[in-house]
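In what follows, a structure is listed as structure tokens, so that the remarks can point back to it.
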Amino acid sequence: MTTASVTQNFQGSRSLPKWLAPTLLAVAILASFSINSALASSNPEATQLNLFAVALVAVITYSIGFYLASRIIEGQRKSADRLVTILVTGAFALAVVPLISLAWTVVERGAARFDIDFFTFSMRNVVGAGGGAYHAIIGTLEITGLATLISVPIGIMTAIYLVEYGRGALARAVTFFVDVMTGIPSIVAGLFAYAAFVVIFGPGVRMGVGGAIALSVLMIPVVIRATEEMLKIVPNELREASYALGVPKWLTVTKVVLPTALAGIATGVMIAIARIIGETAPLLIIAGFTASTNFNPFDERMMTLPVFVYTSYANQGSDAQTYIDRAWTGALVLMLIVMILNIIARLVSKYFSPKG
Amino acid sequence: GAANEETATESTLSGTISGSGASSMGSGQEAWIAEFQIANPNVTINYDPSGSGAGREAFTAGGVVFAGTDSYWKDEELALEFAACAPGTKPWEFPVWISPIAVIFNLEGVDSLNLDAATVAGIFAGEITMWNDDAITSQNPDLDLPELSITAVHRSDDSGTTKNFTNYLEKTAEAIWTAGTIETWPTEYGGEGAKGTSGVVDAVTAGNGTIGYADASKAGDLGTVAIKVGDGYVSFSAEAASKVIEASSLVEGRESYDLAYKIARDTTESGVYPIVLVSYLTGCNEYLDAEVATLVKAYASYIISEQGQATAASAGGTAPISASLREKAQAIIDAIK
Amino acid sequence: MSSQAPVVKRRIGDLVFSNLAIGSGVAILVILAAVAIFLFAESVPAFLSEQDAAPDGFFAYVAPFLFGTVLASIIALLIATPLAIGIALYISHFAPRRLSQALGYSIDLLAAIPSVVYGLWGMLVLAPFLNPSYLWLNENFGWIPFFEGPVSATGRTMMTVGIVLAIMILPIMAALIREIFLQTPRLHEEAALALGATRWEVIKMAVLPFGKAGIISSAMLGLGRALGETMAVALVLSGSGVITFALLTSTNPNTIAANIALQFPESSGTYTSLLIATGLVLFAITMAINMLARWVISRRSEFSGAN
Amino acid sequence: MSMRIELSSLNVYYGSFLAVEDINMVIEPNSITAFIGPSGCGKSTLIRTLNRMHEVIPGAYVKGNLTMNGEDIYSPSVDPVKVRRQVGMVFQRPNPFPTMTIKENVLSGYRLNNNKMSKSDADALAEKALKGANLWNEVKDRLDRPGSSLSGGQQQRLCIARAIAVEPEVILMDEPTSALDPISTAAIEDLAIELKEKFTVVIVTHNMQQASRISDMTAFFTIADTGLPGKLIEYDRTDNIFSNPKEKQTEDYVSGRFG
Amino acid sequence: MSMRIELSSLNVYYGSFLAVEDINMVIEPNSITAFIGPSGCGKSTLIRTLNRMHEVIPGAYVKGNLTMNGEDIYSPSVDPVKVRRQVGMVFQRPNPFPTMTIKENVLSGYRLNNNKMSKSDADALAEKALKGANLWNEVKDRLDRPGSSLSGGQQQRLCIARAIAVEPEVILMDEPTSALDPISTAAIEDLAIELKEKFTVVIVTHNMQQASRISDMTAFFTIADTGLPGKLIEYDRTDNIFSNPKEKQTEDYVSGRFG
Ligand SMILES: Nc1ncnc2c1ncn2[C@@H]1O[C@H](COP(=O)(O)OP(=O)(O)OP(=O)(O)O)[C@@H](O)[C@H]1O
Ligand SMILES: Nc1ncnc2c1ncn2[C@@H]1O[C@H](COP(=O)(O)OP(=O)(O)OP(=O)(O)O)[C@@H](O)[C@H]1O
Ligand SMILES: [Mg+2]
Ligand SMILES: [Mg+2]
């Protein structure tokens, strides 16, 4: 084969020069600045240069410029690809900014009261500065724990029903209403739990376990959905292997299917806990408010962290800043609890996940 | 238990009672409960600042044994049965928390304004919309007010603060403020809604050209309005607020244990600040449970004691109730069974 | 000897276990029925009696809140859906592998931030930050009804609420969509690649069509959360009972859930019933939207990637 | 400890779809019987009727007669779980339980049924089954490693060990080597030949060389067109099928002219 | 419109794992070349290097030389997207796009470069490609039905239609019939023979009968043990490979003594 007969079938078209991206960015920022300054000076009502507008116009100019350059040099298909890359990366960046700001706000403002007292003191007999969220942390752990105890068995059994047994109208109804249940507003769940407890214990009742029930209404559908997905991806081969060994169905489900899906289920339960641990409205209604520690969820009011955060903010005393600081630290602790639970779930996943 | 929850005691009182109601006196209850519990470590008192209406409702239903309320019992409410009280008996009530409501604003370079009732009503009713409106400048000749639109911030949640504030507007500027005494802000008046006292304060702080009304203790560094009473302008203060009770009369046709006041909003006496919030404590004259009665008696006595009122004053910037009112209240408390 | 649909001898274990499973499924229906019955029973007085809060009747009372609920949720969805797809695509198809796992994990964590915190952040950080851009929008695009003045002085507007809700539902939507994208059959991605498709074309031909049903259902999940969000809206929104499309002013329709939270503490008697009746409306809407979503998904199931 | 299986007028259905039609054959104990035929002709379907795994699929059922040592395994009084304990099965893709160790996998037939056994019994049984599957030497030092850490061929032998640990009388294998490399394939073939000393072995294979190497009897199935049922064309001694088939279709297939 | 492919000293890696070692071969235009060999020997891996699909797998890369009509397709200036356009591929499992109609499936590759085409052009092209894939008569009345509504064999021919619609110069097929019934298999085999008139065809198959029926050249690969690289043992005219192989390993394999 001689080189003379070499055809050029596969060469890519010219690609964009390396210097293009930074240059274009600089030009876009400059252009945006001048356009906005011009706009600002022509408009008497615009008092200052709007950074939002500058950034917006700069990003749009940059994207369009880059797209056009690519389109001219590299052709339509490649430029579409590049445009999408810019858009997708941009969407990611845009979405991450507020989320980082949020996390940063909580950490920054929560640092003020992030001290030993916050974890060892309740608010009993505390006026103004000092005090802590011990009672609220206990309450949140107990109520969330109870809600988990209620929701996980029901949720997992329902998911098992849907994946392993469910057919026909009942299964379809359950699937549909689980979807509906995901949409129950949290305040409605709180009102419901309250009404149910009034029927049993009389009016004005406040109990930690009521909060757990309200949260369960919110948590169960999340557990079901997550577990269902996990059970579905357990390969049928494993079920068949177990049946072929003469293992009845219920043992197959409990001893083969569930352990195989355990890692995923743990993560799903974790997501469900995260979904409810920060709920405020239902707990305000049914678990109530107290400054003291209460270990018994079946008697009297029980404080929880979200309620702590909310009431600290909403009912500030005359020394407002100490209340606000406590609120943010409460939020920070809530986030940390979720994070620790997440790490635990990851460890569980790691430990139980199918090895190989 | 928490590190702060263990103390030795000489007090013989023990048990738990719960109350709920007005969030306005939340910080006062917090301070009272703290001091009372320090003196009586085996007692736990809960106060759920869930709102006056919720508090009265919970008390009626028997869910709590005492309540705090920003407005006194309505006649039709008194006609109901009270589940925590002995059958047929009615609740007592008396004021324990008198708090000035400040009209706060955020306007660069201005920290005090003089306004009369009609102007305040005009602003909150959405009729006066600019800071350099004649109605405002004429009362504040020394100030250079900008051409800036006014954002009037009100409570978006139902509240006693709104009720007392609009009651003042109704009584003093009926021609402009036609909505009457309300809890829910009328849509047609516009303005900006914010949740809770802290929401209003934060909204006023965050904006420029904003004005709102809030519990005076939360006014912070914001500018406040001096209200025209008689011929002079009065800034809010505890003393100016407490005077208004003296100028007011009891609601007619109530039992002797029901000290409900009709506040004299339209007073012209100088040095009286008429925009106040009066919150009542209420409970049973005869409890079903004697232990509860003992605790309520002790706690209520503490609240109206000189020390209790001083505690409230420092916690919430309120005006202490007068000695004569304390005497009347103590008599009611002593009669609780 | 023949046996059609053979009679299976059931074992005790099997019997107990399957009944437990069925029982749980039935329990779900019972709980939901209980919630519905409770809402309905508690709200009956609101329909029967006259009252101050709703002089023009129940529907006149609930209409603005319904409008506000739907408006806020739609804004949230319009913002969140493309962003969630963008994040999911970035993690599943653009980011380097190692990075994408870390990113996925941090996004999952953000799904757990409590709504009060979103509310406080929205009110204290986001609203003041956004307000200048509202002024800018109003100055330059004020002729569009959505951007009509007068612009709020604090930024606590419907637009801000929409954005806060969008940020709230973003992590969970992004996580779901990401999982769906990651499950795109390799077969179809490779089919597109082998035809000489660029990365974007692969996404267009194989990933998005496969994920469409999943995107819709995760959008519905996000919508469900946005519709029912209480605390964040109550804290952020300057709301009342108006109906308006202007998104940047201080006068906004409240949402049903926020209205309940705001009014419930001071309510009593029939007013409480009225509020619970609005809760029933919210519940009904959630259900209707779920039905709609199922219908949309099933309509083109013939062409769906699931087979 | 080995069974004679007799199929007569057996029809196998998926819902209303007749997948395999009118099968009559006798499978002798202590032999290897191979099922061959083109894809879709119903080999897998038929082999799964032999341990009542077929009915695990929703809507699937069987008509006709299937006896083992004279007992009708589809009679209503028969517990399918018991049938499966006596008829072990090995699948096309090795499927050890991923959450279990090698040893737990071997013992899973007992353990999953909640049968308690002493540690020494368990050890002895695991060793016996692994030796029976020619895997003992390769794994004896790592019995506590996950089953999925083995190579494909080892995993497949692990599945065989798991199946023989419960001491069945019949072993069914559905294309047990088609996912394996040649060395593992050879190991499994040798094993199959050893197994027939104790069990009745039925094997489905696509590989005619494999069928001719290891089986005593061969059944050739085919299908006229998609949607039509699969049929048994010829069932005979393996050497007859490959060197001297009676049917034209069989000849075409084994000589590679078709399929 | 057909290409000559030359592989020299080609090594194919998955990360650090060398899957296929030192391949040297020339594939002539307008011929069918079959890759045969036991499972895991690297047939799929090698065929995927011919259209740079290999590198789609994270960490996978190629060393050595691979030219088509003399042009190095792995040179840095080459756009892999262009390579794949000219080297079409058909996979083991039929994979029509499930969200597209039959017609959209056929046109999907073509549309990438020619967004706007008139309806009549599109119709003409779809008809031509479907006729080329011997599918036209079966689907001409239901071009707007989803591609997944077809039978497996029809779906596979739809994939071939989709591949030839972009007018490539080489067509690669990785076990295109192993999931199909015999009738569909025969249809695809006939089609392959027609296709070589216009294209260079490379086909991977497990089925030696198939290789001997349709291919002009056959390459036999094998692998010494799992974990070791696959190697090209013998590459020759098909009749030589099957009747007169030079290597002992090839003979063992094609005569069924092994694999
Ligand atoms: N779960 C099922 N539901 C409905 N039909 C099925 C099912 N499994 C298989 N079939 C059909 O039954 C027939 C026989 O399939 P079977 O899998 O038994 O063939 P096979 O001979 O094992 O093929 P292969 O060699 O590809 O494994 C086929 O037409 C197939 O489509
Ligand atoms: N994605 C991958 N990553 C790592 N190794 C791989 C990957 N795909 C295949 N391999 C390995 O490369 C080797 C060759 O595999 P390949 O799939 O090419 O074999 P094959 O000859 O096509 O086999 P079969 O006949 O089973 O299709 C095997 O050892 C396999 O395990
Ligand atoms: Mg099969
Ligand atoms: Mg392969």
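The chains in the structure tokens are called A, B, ... from first to last as shown; in each chain the residues are counted from 1, and the ligands are counted from 1 in the order shown.
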Let me have all residues with an atom within 6 Å of ligand 1, counting only C-alpha atoms and all ligand atoms, laid out as a ChimeraX atom specification. /D:14,19,39-45,227
Could you save the residues just selected, with N, CA, C and O atoms, as a CSV table (one decimal), in the first residue's frame?
chain,number,residue,atom,x,y,z
D,14,TYR,N,-47.2,-20.6,28.2
D,14,TYR,CA,-47.1,-19.3,28.8
D,14,TYR,C,-48.4,-18.6,28.6
D,14,TYR,O,-48.6,-18.0,27.5
D,19,ALA,N,-45.9,-23.1,24.2
D,19,ALA,CA,-44.5,-23.0,23.9
D,19,ALA,C,-43.9,-24.3,23.4
D,19,ALA,O,-43.0,-24.3,22.5
D,39,SER,N,-32.4,-21.9,18.6
D,39,SER,CA,-32.8,-20.9,19.6
D,39,SER,C,-34.4,-20.7,19.6
D,39,SER,O,-34.9,-20.7,18.5
D,40,GLY,N,-35.0,-20.7,20.7
D,40,GLY,CA,-36.4,-20.5,20.8
D,40,GLY,C,-37.3,-21.7,20.6
D,40,GLY,O,-38.5,-21.6,20.6
D,41,CYS,N,-36.6,-22.9,20.5
D,41,CYS,CA,-37.4,-24.1,20.3
D,41,CYS,C,-38.0,-24.7,21.6
D,41,CYS,O,-38.8,-25.6,21.5
D,42,GLY,N,-37.7,-24.1,22.7
D,42,GLY,CA,-38.3,-24.5,23.9
D,42,GLY,C,-37.5,-25.4,24.8
D,42,GLY,O,-38.0,-26.0,25.8
D,43,LYS,N,-36.2,-25.5,24.6
D,43,LYS,CA,-35.3,-26.3,25.5
D,43,LYS,C,-35.4,-25.8,26.9
D,43,LYS,O,-35.6,-26.6,27.8
D,44,SER,N,-35.2,-24.5,27.1
D,44,SER,CA,-35.2,-24.0,28.5
D,44,SER,C,-36.6,-24.2,29.1
D,44,SER,O,-36.7,-24.5,30.3
D,45,THR,N,-37.6,-23.9,28.3
D,45,THR,CA,-39.0,-24.1,28.8
D,45,THR,C,-39.2,-25.5,29.3
D,45,THR,O,-39.7,-25.7,30.4
D,227,GLY,N,-43.7,-18.1,17.2
D,227,GLY,CA,-45.1,-18.1,17.5
D,227,GLY,C,-45.7,-19.5,17.5
D,227,GLY,O,-46.7,-19.7,18.1
Mind listing the residues within 12 Å of ligand 3, only C-alpha atoms and all ligand atoms counted, as a PyMOL selection string? (chain D and resi 35-48+91-93+173-176+178+203-206) or (chain E and resi 178-181)
Which residues are close to Leu172 in chain E, i.e. within 8 Å by only C-alpha atoms, leaving aside same-chain residues fewer than 4 positions away? Reply as a list in words. Ile47, Val87, Gly88, Met89, Val90, Val201, Val202 and Ile203 of chain E
Shell of 6 Å around range 22-39 of chain A, only C-alpha atoms, local chain residues under 3 positions omitted, as an NGL selection string: :A and (42 or 54 or 57-58 or 61-62)
Please produce an output containing all heavy atoms for each residue in the selection, written as a PDB file, in the first residue's frame.
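Result file follows (again.pdb):
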ATOM      1  N   SER A  42     -28.326  55.956  30.701  1.00  0.00           N
ATOM      2  CA  SER A  42     -29.455  56.495  29.934  1.00  0.00           C
ATOM      3  C   SER A  42     -30.746  56.435  30.747  1.00  0.00           C
ATOM      4  O   SER A  42     -31.732  57.047  30.410  1.00  0.00           O
ATOM      5  CB  SER A  42     -29.617  55.720  28.633  1.00  0.00           C
ATOM      6  OG  SER A  42     -30.074  54.420  28.930  1.00  0.00           O
ATOM      7  N   VAL A  54     -24.943  42.469  34.683  1.00  0.00           N
ATOM      8  CA  VAL A  54     -23.631  42.336  34.047  1.00  0.00           C
ATOM      9  C   VAL A  54     -23.295  40.861  33.856  1.00  0.00           C
ATOM     10  O   VAL A  54     -22.916  40.423  32.763  1.00  0.00           O
ATOM     11  CB  VAL A  54     -22.544  43.033  34.906  1.00  0.00           C
ATOM     12  CG1 VAL A  54     -21.172  42.729  34.335  1.00  0.00           C
ATOM     13  CG2 VAL A  54     -22.787  44.524  34.942  1.00  0.00           C
ATOM     14  N   VAL A  57     -25.686  39.170  31.181  1.00  0.00           N
ATOM     15  CA  VAL A  57     -25.366  39.530  29.798  1.00  0.00           C
ATOM     16  C   VAL A  57     -24.012  38.943  29.393  1.00  0.00           C
ATOM     17  O   VAL A  57     -23.843  38.445  28.276  1.00  0.00           O
ATOM     18  CB  VAL A  57     -25.374  41.068  29.625  1.00  0.00           C
ATOM     19  CG1 VAL A  57     -24.904  41.450  28.227  1.00  0.00           C
ATOM     20  CG2 VAL A  57     -26.765  41.614  29.878  1.00  0.00           C
ATOM     21  N   ALA A  58     -23.050  38.948  30.332  1.00  0.00           N
ATOM     22  CA  ALA A  58     -21.737  38.403  30.006  1.00  0.00           C
ATOM     23  C   ALA A  58     -21.835  36.923  29.664  1.00  0.00           C
ATOM     24  O   ALA A  58     -21.288  36.465  28.657  1.00  0.00           O
ATOM     25  CB  ALA A  58     -20.784  38.607  31.183  1.00  0.00           C
ATOM     26  N   THR A  61     -23.573  36.501  26.319  1.00  0.00           N
ATOM     27  CA  THR A  61     -22.694  36.897  25.214  1.00  0.00           C
ATOM     28  C   THR A  61     -21.625  35.837  24.971  1.00  0.00           C
ATOM     29  O   THR A  61     -21.355  35.453  23.829  1.00  0.00           O
ATOM     30  CB  THR A  61     -21.985  38.229  25.550  1.00  0.00           C
ATOM     31  OG1 THR A  61     -22.893  39.068  26.230  1.00  0.00           O
ATOM     32  CG2 THR A  61     -21.468  38.897  24.302  1.00  0.00           C
ATOM     33  N   TYR A  62     -21.036  35.365  26.064  1.00  0.00           N
ATOM     34  CA  TYR A  62     -19.974  34.370  25.942  1.00  0.00           C
ATOM     35  C   TYR A  62     -20.499  33.113  25.250  1.00  0.00           C
ATOM     36  O   TYR A  62     -19.902  32.606  24.301  1.00  0.00           O
ATOM     37  CB  TYR A  62     -19.431  34.033  27.319  1.00  0.00           C
ATOM     38  CG  TYR A  62     -18.442  32.900  27.320  1.00  0.00           C
ATOM     39  CD1 TYR A  62     -17.133  33.095  26.888  1.00  0.00           C
ATOM     40  CD2 TYR A  62     -18.813  31.624  27.760  1.00  0.00           C
ATOM     41  CE1 TYR A  62     -16.221  32.050  26.888  1.00  0.00           C
ATOM     42  CE2 TYR A  62     -17.915  30.581  27.759  1.00  0.00           C
ATOM     43  CZ  TYR A  62     -16.617  30.790  27.326  1.00  0.00           C
ATOM     44  OH  TYR A  62     -15.729  29.760  27.316  1.00  0.00           O
TER      45      TYR A  62
END
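The two atoms in question, CA of Thr227 in chain A and CA of Ala171 in chain A, are spaced 15.4 Å apart.
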At a cut-off of 8 Å, using only C-alpha atoms, what residues contact Phe264 in chain C? Leave out same-chain residues fewer than 5 positions from it and give the result as a list in words.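 Everything that qualifies: Ala54 of chain B; Thr272 and Leu275 of chain C.
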Among listed residues D:Met117, D:Ile102, D:Met53, D:Val81, nearest chain C (using only C-alpha atoms):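 Between D:Met117, D:Ile102, D:Met53, D:Val81, the residue approaching chain C most closely is D:Val81.
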Among range 108-215 of chain E, which ones does DSSP place in alpha helix (DSSP H), written as a VMD selection string? chain E and resid 108 to 113 119 to 132 136 to 139 152 to 165 182 to 195 208 to 214
